[in-house]
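Q: structure29.pdb is the file, holding PDB, C-alpha atoms:
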```
ATOM      1  CA  MET W 288      -6.858   4.342  24.904  1.00  0.00           C
ATOM      2  CA  LYS W 289      -5.490   0.798  24.913  1.00  0.00           C
ATOM      3  CA  VAL W 290      -4.116  -1.258  22.018  1.00  0.00           C
ATOM      4  CA  ARG W 291      -7.349  -3.263  21.853  1.00  0.00           C
ATOM      5  CA  ASP W 292      -9.288   0.008  21.494  1.00  0.00           C
ATOM      6  CA  LEU W 293      -7.021   1.098  18.665  1.00  0.00           C
ATOM      7  CA  LEU W 294      -7.624  -2.226  16.915  1.00  0.00           C
ATOM      8  CA  ASN W 295     -11.369  -1.704  17.330  1.00  0.00           C
ATOM      9  CA  HIS W 296     -11.028   1.774  15.816  1.00  0.00           C
ATOM     10  CA  ILE W 297      -9.109   0.411  12.810  1.00  0.00           C
ATOM     11  CA  ASP W 298     -11.868  -2.158  12.409  1.00  0.00           C
ATOM     12  CA  THR W 299     -14.402   0.646  11.882  1.00  0.00           C
ATOM     13  CA  PHE W 300     -12.755   1.929   8.696  1.00  0.00           C
ATOM     14  CA  ALA W 301     -10.667  -1.072   7.561  1.00  0.00           C
ATOM     15  CA  PRO W 302     -12.504  -4.128   8.916  1.00  0.00           C
ATOM     16  CA  PHE W 303     -10.165  -6.991   9.692  1.00  0.00           C
ATOM     17  CA  SER W 304     -12.851  -9.290   8.266  1.00  0.00           C
ATOM     18  CA  LEU W 305     -11.832  -7.977   4.827  1.00  0.00           C
ATOM     19  CA  ALA W 306      -8.332  -9.435   5.192  1.00  0.00           C
ATOM     20  CA  GLU W 307      -7.441 -12.400   3.027  1.00  0.00           C
ATOM     21  CA  GLU W 308      -7.109 -15.830   4.670  1.00  0.00           C
ATOM     22  CA  TRP W 309      -3.379 -15.908   3.899  1.00  0.00           C
ATOM     23  CA  ASP W 310      -2.869 -12.493   5.455  1.00  0.00           C
ATOM     24  CA  ASN W 311      -1.762 -11.687   9.009  1.00  0.00           C
ATOM     25  CA  SER W 312      -3.250  -8.294   9.779  1.00  0.00           C
ATOM     26  CA  GLY W 313      -3.758  -7.222  13.386  1.00  0.00           C
ATOM     27  CA  LEU W 314      -1.485  -7.192  16.427  1.00  0.00           C
ATOM     28  CA  GLN W 315       1.937  -8.593  15.532  1.00  0.00           C
ATOM     29  CA  VAL W 316       3.922  -7.854  18.685  1.00  0.00           C
ATOM     30  CA  GLY W 317       2.718  -6.361  21.951  1.00  0.00           C
ATOM     31  CA  ASN W 318       0.040  -6.215  24.608  1.00  0.00           C
ATOM     32  CA  TYR W 319      -3.669  -5.643  24.013  1.00  0.00           C
ATOM     33  CA  ASN W 320      -3.889  -3.796  27.329  1.00  0.00           C
ATOM     34  CA  ALA W 321      -0.978  -1.417  26.703  1.00  0.00           C
ATOM     35  CA  GLU W 322      -1.786   2.299  26.799  1.00  0.00           C
ATOM     36  CA  VAL W 323      -1.623   4.248  23.521  1.00  0.00           C
ATOM     37  CA  ASN W 324      -1.287   8.004  23.062  1.00  0.00           C
ATOM     38  CA  LYS W 325       0.776   8.290  19.883  1.00  0.00           C
ATOM     39  CA  VAL W 326       1.047   6.093  16.784  1.00  0.00           C
ATOM     40  CA  ALA W 327       3.826   5.914  14.195  1.00  0.00           C
ATOM     41  CA  VAL W 328       2.681   4.933  10.689  1.00  0.00           C
ATOM     42  CA  CYS W 329       4.941   3.324   8.087  1.00  0.00           C
ATOM     43  CA  LEU W 330       4.933   0.839   5.223  1.00  0.00           C
ATOM     44  CA  ASP W 331       7.223  -1.860   6.625  1.00  0.00           C
ATOM     45  CA  ALA W 332       7.977  -2.975  10.180  1.00  0.00           C
ATOM     46  CA  LEU W 333      11.747  -2.611  10.022  1.00  0.00           C
ATOM     47  CA  PRO W 334      14.089  -2.371  13.024  1.00  0.00           C
ATOM     48  CA  GLU W 335      14.797   1.280  12.236  1.00  0.00           C
ATOM     49  CA  ALA W 336      11.055   1.963  12.097  1.00  0.00           C
ATOM     50  CA  VAL W 337      10.653   0.627  15.651  1.00  0.00           C
ATOM     51  CA  ILE W 338      13.618   2.698  16.833  1.00  0.00           C
ATOM     52  CA  ASN W 339      12.225   5.788  15.098  1.00  0.00           C
ATOM     53  CA  ALA W 340       8.808   5.198  16.662  1.00  0.00           C
ATOM     54  CA  SER W 341      10.410   4.968  20.096  1.00  0.00           C
ATOM     55  CA  GLU W 342      12.405   8.150  19.531  1.00  0.00           C
ATOM     56  CA  ASN W 343       9.124   9.896  18.620  1.00  0.00           C
ATOM     57  CA  ASN W 344       7.564   8.736  21.907  1.00  0.00           C
ATOM     58  CA  CYS W 345       5.079   6.434  20.182  1.00  0.00           C
ATOM     59  CA  GLU W 346       3.641   3.357  21.820  1.00  0.00           C
ATOM     60  CA  VAL W 347       2.432   1.765  18.566  1.00  0.00           C
ATOM     61  CA  LEU W 348       3.977   1.201  15.159  1.00  0.00           C
ATOM     62  CA  LEU W 349       1.210   0.764  12.604  1.00  0.00           C
ATOM     63  CA  CYS W 350       2.536  -0.712   9.377  1.00  0.00           C
ATOM     64  CA  HIS W 351       0.878  -1.766   6.139  1.00  0.00           C
ATOM     65  CA  HIS W 352       2.965  -4.880   5.496  1.00  0.00           C
ATOM     66  CA  PRO W 353       2.796  -7.507   8.256  1.00  0.00           C
ATOM     67  CA  LEU W 354       5.966  -8.254  10.174  1.00  0.00           C
ATOM     68  CA  ILE W 355       5.064 -11.938  10.487  1.00  0.00           C
ATOM     69  CA  PHE W 356       3.479 -13.972   7.681  1.00  0.00           C
ATOM     70  CA  ARG W 357       4.480 -17.508   8.616  1.00  0.00           C
ATOM     71  CA  ALA W 358       5.018 -19.314  11.910  1.00  0.00           C
ATOM     72  CA  LEU W 359       8.428 -18.503  13.422  1.00  0.00           C
ATOM     73  CA  LYS W 360      10.568 -21.375  14.711  1.00  0.00           C
ATOM     74  CA  LYS W 361      13.138 -19.051  16.222  1.00  0.00           C
ATOM     75  CA  ILE W 362      13.826 -15.361  16.754  1.00  0.00           C
ATOM     76  CA  ASN W 363      17.261 -14.532  15.391  1.00  0.00           C
ATOM     77  CA  ILE W 364      18.239 -10.906  15.920  1.00  0.00           C
ATOM     78  CA  ASP W 365      20.604 -11.138  12.959  1.00  0.00           C
ATOM     79  CA  THR W 366      17.511 -11.061  10.728  1.00  0.00           C
ATOM     80  CA  ASP W 367      15.262  -8.046  10.135  1.00  0.00           C
ATOM     81  CA  THR W 368      12.257  -9.854  11.593  1.00  0.00           C
ATOM     82  CA  GLY W 369      14.119 -10.991  14.700  1.00  0.00           C
ATOM     83  CA  ARG W 370      15.720  -7.590  15.250  1.00  0.00           C
ATOM     84  CA  THR W 371      12.366  -5.852  14.824  1.00  0.00           C
ATOM     85  CA  ILE W 372      10.760  -8.112  17.436  1.00  0.00           C
ATOM     86  CA  TYR W 373      13.721  -7.602  19.782  1.00  0.00           C
ATOM     87  CA  GLU W 374      13.610  -3.810  19.424  1.00  0.00           C
ATOM     88  CA  ALA W 375       9.819  -3.763  19.841  1.00  0.00           C
ATOM     89  CA  LEU W 376       9.900  -5.797  23.038  1.00  0.00           C
ATOM     90  CA  THR W 377      12.890  -3.908  24.429  1.00  0.00           C
ATOM     91  CA  ARG W 378      11.376  -0.495  23.706  1.00  0.00           C
ATOM     92  CA  LYS W 379       7.787  -1.556  24.523  1.00  0.00           C
ATOM     93  CA  ILE W 380       6.529  -0.730  21.037  1.00  0.00           C
ATOM     94  CA  ASN W 381       3.366  -2.532  19.960  1.00  0.00           C
ATOM     95  CA  ILE W 382       3.303  -3.457  16.271  1.00  0.00           C
ATOM     96  CA  ILE W 383       0.033  -3.602  14.333  1.00  0.00           C
ATOM     97  CA  ALA W 384      -0.422  -4.427  10.648  1.00  0.00           C
ATOM     98  CA  ALA W 385      -3.300  -3.245   8.462  1.00  0.00           C
ATOM     99  CA  HIS W 386      -2.625  -5.044   5.206  1.00  0.00           C
ATOM    100  CA  THR W 387      -5.266  -6.472   2.865  1.00  0.00           C
ATOM    101  CA  ASN W 388      -8.012  -4.970   5.018  1.00  0.00           C
ATOM    102  CA  TRP W 389      -6.509  -1.521   4.283  1.00  0.00           C
ATOM    103  CA  ASP W 390      -6.083  -2.474   0.616  1.00  0.00           C
ATOM    104  CA  LYS W 391      -9.807  -3.209   0.336  1.00  0.00           C
ATOM    105  CA  ALA W 392     -11.192  -0.509   2.648  1.00  0.00           C
ATOM    106  CA  GLU W 393     -13.464   2.155   1.161  1.00  0.00           C
ATOM    107  CA  GLU W 394     -10.919   4.817   2.127  1.00  0.00           C
ATOM    108  CA  GLY W 395      -7.905   2.516   1.844  1.00  0.00           C
ATOM    109  CA  VAL W 396      -5.013   2.077  -0.565  1.00  0.00           C
ATOM    110  CA  ASN W 397      -6.881   1.845  -3.861  1.00  0.00           C
ATOM    111  CA  PHE W 398      -9.479   4.518  -3.131  1.00  0.00           C
ATOM    112  CA  THR W 399      -6.802   6.897  -1.865  1.00  0.00           C
ATOM    113  CA  LEU W 400      -4.767   6.365  -5.041  1.00  0.00           C
ATOM    114  CA  ALA W 401      -7.868   6.998  -7.130  1.00  0.00           C
ATOM    115  CA  ASP W 402      -8.715  10.130  -5.162  1.00  0.00           C
ATOM    116  CA  LEU W 403      -5.212  11.512  -5.668  1.00  0.00           C
ATOM    117  CA  LEU W 404      -5.717  11.106  -9.418  1.00  0.00           C
ATOM    118  CA  GLY W 405      -9.134  12.766  -9.318  1.00  0.00           C
ATOM    119  CA  LEU W 406     -11.032   9.704 -10.530  1.00  0.00           C
ATOM    120  CA  VAL W 407     -14.835   9.669 -10.343  1.00  0.00           C
ATOM    121  CA  ASP W 408     -17.521   6.955 -10.649  1.00  0.00           C
ATOM    122  CA  ILE W 409     -15.254   4.532  -8.839  1.00  0.00           C
ATOM    123  CA  LYS W 410     -16.290   0.877  -8.829  1.00  0.00           C
ATOM    124  CA  THR W 411     -14.699  -2.332  -7.636  1.00  0.00           C
ATOM    125  CA  LEU W 412     -12.658  -4.044 -10.325  1.00  0.00           C
ATOM    126  CA  ASP W 413     -11.970  -7.179  -8.313  1.00  0.00           C
ATOM    127  CA  ASP W 414     -11.317  -7.766  -4.605  1.00  0.00           C
ATOM    128  CA  PHE W 415      -8.115  -5.723  -4.777  1.00  0.00           C
ATOM    129  CA  GLY W 416      -8.687  -3.402  -7.713  1.00  0.00           C
ATOM    130  CA  ILE W 417     -10.916  -0.535  -8.754  1.00  0.00           C
ATOM    131  CA  ILE W 418     -11.856   1.297 -11.933  1.00  0.00           C
ATOM    132  CA  GLY W 419     -12.901   4.897 -12.383  1.00  0.00           C
ATOM    133  CA  LYS W 420     -13.139   7.716 -14.858  1.00  0.00           C
ATOM    134  CA  ILE W 421     -11.285  10.963 -15.349  1.00  0.00           C
ATOM    135  CA  SER W 422     -13.777  13.838 -15.365  1.00  0.00           C
ATOM    136  CA  GLU W 423     -12.384  15.015 -18.675  1.00  0.00           C
ATOM    137  CA  LYS W 424     -10.247  13.187 -21.190  1.00  0.00           C
ATOM    138  CA  ILE W 425      -6.530  13.827 -20.952  1.00  0.00           C
ATOM    139  CA  SER W 426      -3.601  12.972 -23.190  1.00  0.00           C
ATOM    140  CA  THR W 427      -1.668   9.880 -22.199  1.00  0.00           C
ATOM    141  CA  GLU W 428       1.515  11.874 -21.626  1.00  0.00           C
ATOM    142  CA  LYS W 429      -0.197  14.329 -19.278  1.00  0.00           C
ATOM    143  CA  PHE W 430      -1.975  11.535 -17.443  1.00  0.00           C
ATOM    144  CA  LEU W 431       1.265   9.634 -16.820  1.00  0.00           C
ATOM    145  CA  GLU W 432       2.808  12.852 -15.533  1.00  0.00           C
ATOM    146  CA  ARG W 433      -0.178  13.284 -13.205  1.00  0.00           C
ATOM    147  CA  VAL W 434       0.248   9.753 -11.859  1.00  0.00           C
ATOM    148  CA  LYS W 435       3.946  10.221 -11.197  1.00  0.00           C
ATOM    149  CA  ASN W 436       3.476  13.575  -9.474  1.00  0.00           C
ATOM    150  CA  SER W 437       0.319  12.703  -7.516  1.00  0.00           C
ATOM    151  CA  TRP W 438       1.804   9.510  -6.096  1.00  0.00           C
ATOM    152  CA  GLU W 439       5.321  10.967  -5.747  1.00  0.00           C
ATOM    153  CA  LEU W 440       6.897   8.176  -7.788  1.00  0.00           C
ATOM    154  CA  SER W 441      10.563   8.133  -8.679  1.00  0.00           C
ATOM    155  CA  ARG W 442       9.659   6.345 -11.909  1.00  0.00           C
ATOM    156  CA  LEU W 443       6.669   5.088 -13.870  1.00  0.00           C
ATOM    157  CA  ASP W 444       7.180   2.568 -16.662  1.00  0.00           C
ATOM    158  CA  PHE W 445       4.631   2.603 -19.473  1.00  0.00           C
ATOM    159  CA  TYR W 446       3.952  -0.379 -21.730  1.00  0.00           C
ATOM    160  CA  SER W 447       1.586  -0.431 -24.695  1.00  0.00           C
ATOM    161  CA  GLU W 448       1.354  -1.941 -28.159  1.00  0.00           C
ATOM    162  CA  LYS W 449       0.004   1.434 -29.293  1.00  0.00           C
ATOM    163  CA  MET W 450      -0.113   4.461 -27.020  1.00  0.00           C
ATOM    164  CA  PRO W 451      -3.699   5.752 -26.789  1.00  0.00           C
ATOM    165  CA  GLU W 452      -4.156   9.415 -27.660  1.00  0.00           C
ATOM    166  CA  GLU W 453      -6.281  10.010 -24.556  1.00  0.00           C
ATOM    167  CA  ILE W 454      -7.009   8.377 -21.220  1.00  0.00           C
ATOM    168  CA  SER W 455     -10.540   8.245 -19.838  1.00  0.00           C
ATOM    169  CA  ARG W 456     -11.100   4.958 -17.958  1.00  0.00           C
ATOM    170  CA  VAL W 457      -8.446   4.017 -15.409  1.00  0.00           C
ATOM    171  CA  ALA W 458      -8.068   0.736 -13.518  1.00  0.00           C
ATOM    172  CA  LEU W 459      -5.602   0.322 -10.693  1.00  0.00           C
ATOM    173  CA  CYS W 460      -4.495  -2.005  -7.950  1.00  0.00           C
ATOM    174  CA  GLY W 461      -2.037  -0.843  -5.290  1.00  0.00           C
ATOM    175  CA  GLY W 462       0.895  -3.196  -4.819  1.00  0.00           C
ATOM    176  CA  SER W 463       1.026  -6.604  -6.508  1.00  0.00           C
ATOM    177  CA  GLY W 464      -1.884  -6.613  -8.922  1.00  0.00           C
ATOM    178  CA  ALA W 465      -0.577  -8.504 -11.936  1.00  0.00           C
ATOM    179  CA  GLU W 466      -3.367 -11.095 -11.813  1.00  0.00           C
ATOM    180  CA  PHE W 467      -6.082  -8.494 -12.270  1.00  0.00           C
ATOM    181  CA  TRP W 468      -5.050  -7.082 -15.641  1.00  0.00           C
ATOM    182  CA  SER W 469      -7.638  -9.211 -17.454  1.00  0.00           C
ATOM    183  CA  ALA W 470     -10.379  -7.737 -15.244  1.00  0.00           C
ATOM    184  CA  ALA W 471      -9.136  -4.260 -16.171  1.00  0.00           C
ATOM    185  CA  LYS W 472      -9.352  -5.228 -19.835  1.00  0.00           C
ATOM    186  CA  LEU W 473     -12.852  -6.688 -19.343  1.00  0.00           C
ATOM    187  CA  HIS W 474     -13.999  -3.394 -17.814  1.00  0.00           C
ATOM    188  CA  LYS W 475     -12.657  -1.520 -20.854  1.00  0.00           C
ATOM    189  CA  ALA W 476      -9.931   0.384 -19.030  1.00  0.00           C
ATOM    190  CA  ASP W 477      -7.636   2.528 -21.150  1.00  0.00           C
ATOM    191  CA  ILE W 478      -4.779   1.882 -18.740  1.00  0.00           C
ATOM    192  CA  TYR W 479      -4.063  -0.367 -15.773  1.00  0.00           C
ATOM    193  CA  LEU W 480      -1.797   0.910 -12.989  1.00  0.00           C
ATOM    194  CA  THR W 481      -0.161  -1.569 -10.627  1.00  0.00           C
ATOM    195  CA  ALA W 482       3.165  -3.056  -9.490  1.00  0.00           C
ATOM    196  CA  ASP W 483       5.118  -6.307  -9.736  1.00  0.00           C
ATOM    197  CA  MET W 484       4.064  -7.480 -13.192  1.00  0.00           C
ATOM    198  CA  LYS W 485       6.430  -9.981 -14.782  1.00  0.00           C
ATOM    199  CA  TYR W 486       7.728  -9.988 -18.335  1.00  0.00           C
ATOM    200  CA  HIS W 487       5.257 -12.514 -19.750  1.00  0.00           C
ATOM    201  CA  GLU W 488       2.331 -10.920 -17.939  1.00  0.00           C
ATOM    202  CA  LEU W 489       3.229  -7.614 -19.553  1.00  0.00           C
ATOM    203  CA  ILE W 490       3.383  -9.308 -22.956  1.00  0.00           C
ATOM    204  CA  ASP W 491      -0.036 -10.908 -22.484  1.00  0.00           C
ATOM    205  CA  ALA W 492      -1.639  -7.692 -21.242  1.00  0.00           C
ATOM    206  CA  THR W 493      -0.256  -5.357 -23.892  1.00  0.00           C
ATOM    207  CA  ARG W 494      -0.863  -7.776 -26.765  1.00  0.00           C
ATOM    208  CA  ALA W 495      -4.452  -8.001 -25.546  1.00  0.00           C
ATOM    209  CA  GLY W 496      -4.662  -4.243 -26.154  1.00  0.00           C
ATOM    210  CA  LEU W 497      -4.289  -2.939 -22.603  1.00  0.00           C
ATOM    211  CA  SER W 498      -1.837  -0.183 -21.700  1.00  0.00           C
ATOM    212  CA  ILE W 499       0.081  -0.719 -18.464  1.00  0.00           C
ATOM    213  CA  GLY W 500       1.574   1.805 -16.047  1.00  0.00           C
ATOM    214  CA  LEU W 501       4.006  -0.069 -13.813  1.00  0.00           C
ATOM    215  CA  CYS W 502       4.984   1.452 -10.462  1.00  0.00           C
ATOM    216  CA  GLU W 503       7.374   0.422  -7.700  1.00  0.00           C
ATOM    217  CA  HIS W 504       5.376  -1.558  -5.132  1.00  0.00           C
ATOM    218  CA  GLY W 505       6.380   0.399  -2.042  1.00  0.00           C
ATOM    219  CA  GLU W 506       6.142   3.840  -3.616  1.00  0.00           C
ATOM    220  CA  MET W 507       2.659   3.105  -4.890  1.00  0.00           C
ATOM    221  CA  GLU W 508       1.309   1.947  -1.528  1.00  0.00           C
ATOM    222  CA  ARG W 509       3.177   4.612   0.434  1.00  0.00           C
ATOM    223  CA  ALA W 510       0.905   7.204  -1.161  1.00  0.00           C
ATOM    224  CA  SER W 511      -1.925   5.940   1.083  1.00  0.00           C
ATOM    225  CA  LEU W 512      -0.105   6.250   4.417  1.00  0.00           C
ATOM    226  CA  SER W 513      -1.049   9.882   5.036  1.00  0.00           C
ATOM    227  CA  LYS W 514      -4.693   8.866   4.765  1.00  0.00           C
ATOM    228  CA  LEU W 515      -4.112   5.967   7.173  1.00  0.00           C
ATOM    229  CA  ALA W 516      -2.522   8.338   9.689  1.00  0.00           C
ATOM    230  CA  GLU W 517      -5.466  10.712   9.273  1.00  0.00           C
ATOM    231  CA  LYS W 518      -7.924   7.912  10.064  1.00  0.00           C
ATOM    232  CA  ILE W 519      -5.966   7.006  13.205  1.00  0.00           C
ATOM    233  CA  SER W 520      -5.974  10.625  14.385  1.00  0.00           C
ATOM    234  CA  GLU W 521      -9.789  10.595  14.260  1.00  0.00           C
ATOM    235  CA  ALA W 522      -9.637   8.463  17.409  1.00  0.00           C
ATOM    236  CA  GLY W 523      -7.954  11.351  19.230  1.00  0.00           C
ATOM    237  CA  LEU W 524      -4.468   9.903  18.944  1.00  0.00           C
ATOM    238  CA  LYS W 525      -1.352  11.768  17.890  1.00  0.00           C
ATOM    239  CA  THR W 526       0.301  10.349  14.782  1.00  0.00           C
ATOM    240  CA  VAL W 527       3.652  10.605  13.047  1.00  0.00           C
ATOM    241  CA  LEU W 528       4.384   9.419   9.508  1.00  0.00           C
ATOM    242  CA  LEU W 529       7.778   7.719   9.336  1.00  0.00           C
ATOM    243  CA  ASP W 530       9.981   8.135   6.280  1.00  0.00           C
ATOM    244  CA  VAL W 531      11.498   4.660   6.555  1.00  0.00           C
ATOM    245  CA  LYS W 532      11.898   2.712   3.315  1.00  0.00           C
ATOM    246  CA  ALA W 533      12.747  -0.978   2.989  1.00  0.00           C
ATOM    247  CA  LEU W 534      13.853  -0.463  -0.609  1.00  0.00           C
ATOM    248  CA  LYS W 535      15.973   2.551  -1.453  1.00  0.00           C
ATOM    249  CA  ARG W 536      15.362   4.464  -4.631  1.00  0.00           C
ATOM    250  CA  PRO W 537      17.418   3.095  -7.505  1.00  0.00           C
ATOM    251  CA  ILE W 538      20.499   4.857  -8.814  1.00  0.00           C
ATOM    252  CA  ARG W 539      20.146   5.502 -12.556  1.00  0.00           C
ATOM    253  CA  PHE W 540      23.111   5.000 -14.866  1.00  0.00           C
TER     254      PHE W 540
END
```
As structure tokens - that is how I would like this structure written.
A:
Amino acid sequence: MKVRDLLNHIDTFAPFSLAEEWDNSGLQVGNYNAEVNKVAVCLDALPEAVINASENNCEVLLCHHPLIFRALKKINIDTDTGRTIYEALTRKINIIAAHTNWDKAEEGVNFTLADLLGLVDIKTLDDFGIIGKISEKISTEKFLERVKNSWELSRLDFYSEKMPEEISRVALCGGSGAEFWSAAKLHKADIYLTADMKYHELIDATRAGLSIGLCEHGEMERASLSKLAEKISEAGLKTVLLDVKALKRPIRF
């Protein structure tokens, strides 16, 4: 299989046409005609991820977050982006990003997160969010514990004017989903799970009567990477899931 074939395979389950205009999914560094036998999957295209992919005899590093968002005027190997490009070219590692197309895909970030929580009757909340139901009502405390354990979170911050006794309808958006809280409220969600909400957004949402479960961006999206690797393996390729994190877990005091 060649890199272009791998891109075509990704397009079957996470169509690149779904990607936002501002996004840069697809081939970031490499050669469309390069041969591929093994793919490393990770969240961020960091220099150590490229090195790790090479050490695992992979020809492709498939990441969720694009390496390049804006036009580069220079490649400085003192920066993460420059060093990643340098390592990729030196080690002949092709870098592909599946970003907002994987966010929106029917088996992508949001649907995988919902599946891990056991949600049913899943519907689109907005372009990047979904809403579903828990098959049976559950106390808020037990639900929050389920979220933390199912997504392997180091922390989960809960905000609410008044904690609901039970959770039934759940809205979520993997990664930065602050702008969609009003849609979650409109769809009568008991709780909205996302990342990167600011102070005043939290005030507006909770005072509007919506409970918020706030996750760390990377940890939340990382929960979908096993599914992404599984989809790649369906093309007959070997895969390896890299445990490379751009942001280390915080130290609590």
Q: Just how far from atom CA of W:Arg291 is atom CA of W:Ser520, in Å to one decimal?
A: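 Computed distance, atom CA of W:Ser520 to atom CA of W:Arg291, equals 15.8 Å.
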Q: Up to 10 Å from (0.6, 5.0, 13.9) in the file's coordinates: name the residues, counting all atoms listed in the file, as a PyMOL selection string.
A: chain W and resi 293+323-329+340+345-350+382-383+512+515-520+524-529
Q: Report as a list in words the full result of the PyMOL selection byres ((chain W and resi 442-444) around 6) when it is applied to this structure.
A: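 With the shown file as input, the PyMOL selection byres ((chain W and resi 442-444) around 6) matches Leu440, Ser441, Phe445, Gly500, Leu501 and Cys502 of chain W.
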Q: Skipping near chain neighbours, those fewer than 6 positions away, what residues fall within 12 Å of W:Ile409 using only C-alpha atoms, listed as a ChimeraX atom specification?
A: /W:393-394,397-402,416-422,456-459
Q: Those same residues - C-alpha atoms - I'd like them written as an mmCIF file, keeping the file's coordinate frame.
A:
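Output saved as again06.cif:
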```cif
data_model
loop_
_atom_site.group_PDB
_atom_site.id
_atom_site.type_symbol
_atom_site.label_atom_id
_atom_site.label_comp_id
_atom_site.auth_asym_id
_atom_site.auth_seq_id
_atom_site.Cartn_x
_atom_site.Cartn_y
_atom_site.Cartn_z
ATOM 1 C CA GLU W 393 -13.464 2.155 1.161
ATOM 2 C CA GLU W 394 -10.919 4.817 2.127
ATOM 3 C CA ASN W 397 -6.881 1.845 -3.861
ATOM 4 C CA PHE W 398 -9.479 4.518 -3.131
ATOM 5 C CA THR W 399 -6.802 6.897 -1.865
ATOM 6 C CA LEU W 400 -4.767 6.365 -5.041
ATOM 7 C CA ALA W 401 -7.868 6.998 -7.130
ATOM 8 C CA ASP W 402 -8.715 10.130 -5.162
ATOM 9 C CA GLY W 416 -8.687 -3.402 -7.713
ATOM 10 C CA ILE W 417 -10.916 -0.535 -8.754
ATOM 11 C CA ILE W 418 -11.856 1.297 -11.933
ATOM 12 C CA GLY W 419 -12.901 4.897 -12.383
ATOM 13 C CA LYS W 420 -13.139 7.716 -14.858
ATOM 14 C CA ILE W 421 -11.285 10.963 -15.349
ATOM 15 C CA SER W 422 -13.777 13.838 -15.365
ATOM 16 C CA ARG W 456 -11.100 4.958 -17.958
ATOM 17 C CA VAL W 457 -8.446 4.017 -15.409
ATOM 18 C CA ALA W 458 -8.068 0.736 -13.518
ATOM 19 C CA LEU W 459 -5.602 0.322 -10.693
#
```
Q: Using all atoms listed in the file, can you tell me which of W:Glu453, W:Asp331, W:Glu466, W:Glu506 comes closest to W:His386?
A: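 Residue with the minimum atom-to-atom distance to W:His386: W:Asp331.
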Q: Could you list the residues chosen by the PyMOL selection byres ((chain W and resi 533) around 10) in this structure as an MDAnalysis selection string?
A: chainID W and resid 330:333 335:336 505 531:532 534:536
Q: From the options W:Leu489, W:Ile478, W:Ala306, W:Val434, which residue's atoms come nearest to W:Lys391, counting only C-alpha atoms?
A: W:Ala306
Q: Measuring between all atoms listed in the file, which one of W:Ile372, W:Leu412, W:Ile454, W:Cys460 shows the shortest distance to W:Ser498?
A: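 When distances to W:Ser498 are compared using all atoms listed in the file, the smallest one comes from W:Ile454.
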Q: Atom CA of W:Asp310 and atom CA of W:Thr371, how far apart in Å?
A: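 Here the two named atoms are 19.1 Å from each other.
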Q: Measure the distance from atom CA of W:His504 to atom CA of W:Asp414 in Å and round it to one decimal.
A: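 It comes out at 17.8 Å.
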Q: Name the residues, using the chain letters and numbers of the file, that sit within 8 Å of (-3.5, -4.7, -8.2) when counting all atoms listed in the file, and give them as number ranges by chain.
A: W: 415-416, 459-468, 480-482
Q: Please produce a file of those selected residues containing C-alpha atoms, as a short mmCIF file (atom, residue, chain, number, x, y, z; two decimals), keeping the file's coordinate frame.
A:
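Saved as again05.cif:
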```cif
data_model
loop_
_atom_site.label_atom_id
_atom_site.label_comp_id
_atom_site.auth_asym_id
_atom_site.auth_seq_id
_atom_site.Cartn_x
_atom_site.Cartn_y
_atom_site.Cartn_z
CA PHE W 415 -8.12 -5.72 -4.78
CA GLY W 416 -8.69 -3.40 -7.71
CA LEU W 459 -5.60 0.32 -10.69
CA CYS W 460 -4.50 -2.00 -7.95
CA GLY W 461 -2.04 -0.84 -5.29
CA GLY W 462 0.90 -3.20 -4.82
CA SER W 463 1.03 -6.60 -6.51
CA GLY W 464 -1.88 -6.61 -8.92
CA ALA W 465 -0.58 -8.50 -11.94
CA GLU W 466 -3.37 -11.10 -11.81
CA PHE W 467 -6.08 -8.49 -12.27
CA TRP W 468 -5.05 -7.08 -15.64
CA LEU W 480 -1.80 0.91 -12.99
CA THR W 481 -0.16 -1.57 -10.63
CA ALA W 482 3.16 -3.06 -9.49
#
```
Q: Taking the file as I've supplied it (selection: the PyMOL selection byres ((chain W and resi 299) around 12)), which residues are included? Please answer as a PyMOL selection string.
A: chain W and resi 292-298+300-305+388-389+392-394+518-519+521-522
Q: At a cut-off of 9 Å, using all atoms listed in the file, what residues contact W:Ser437? Leave out same-chain residues fewer than 6 positions from it and give the result as JSON, numbers by chain.
A: {"W": [400, 403, 404, 510]}
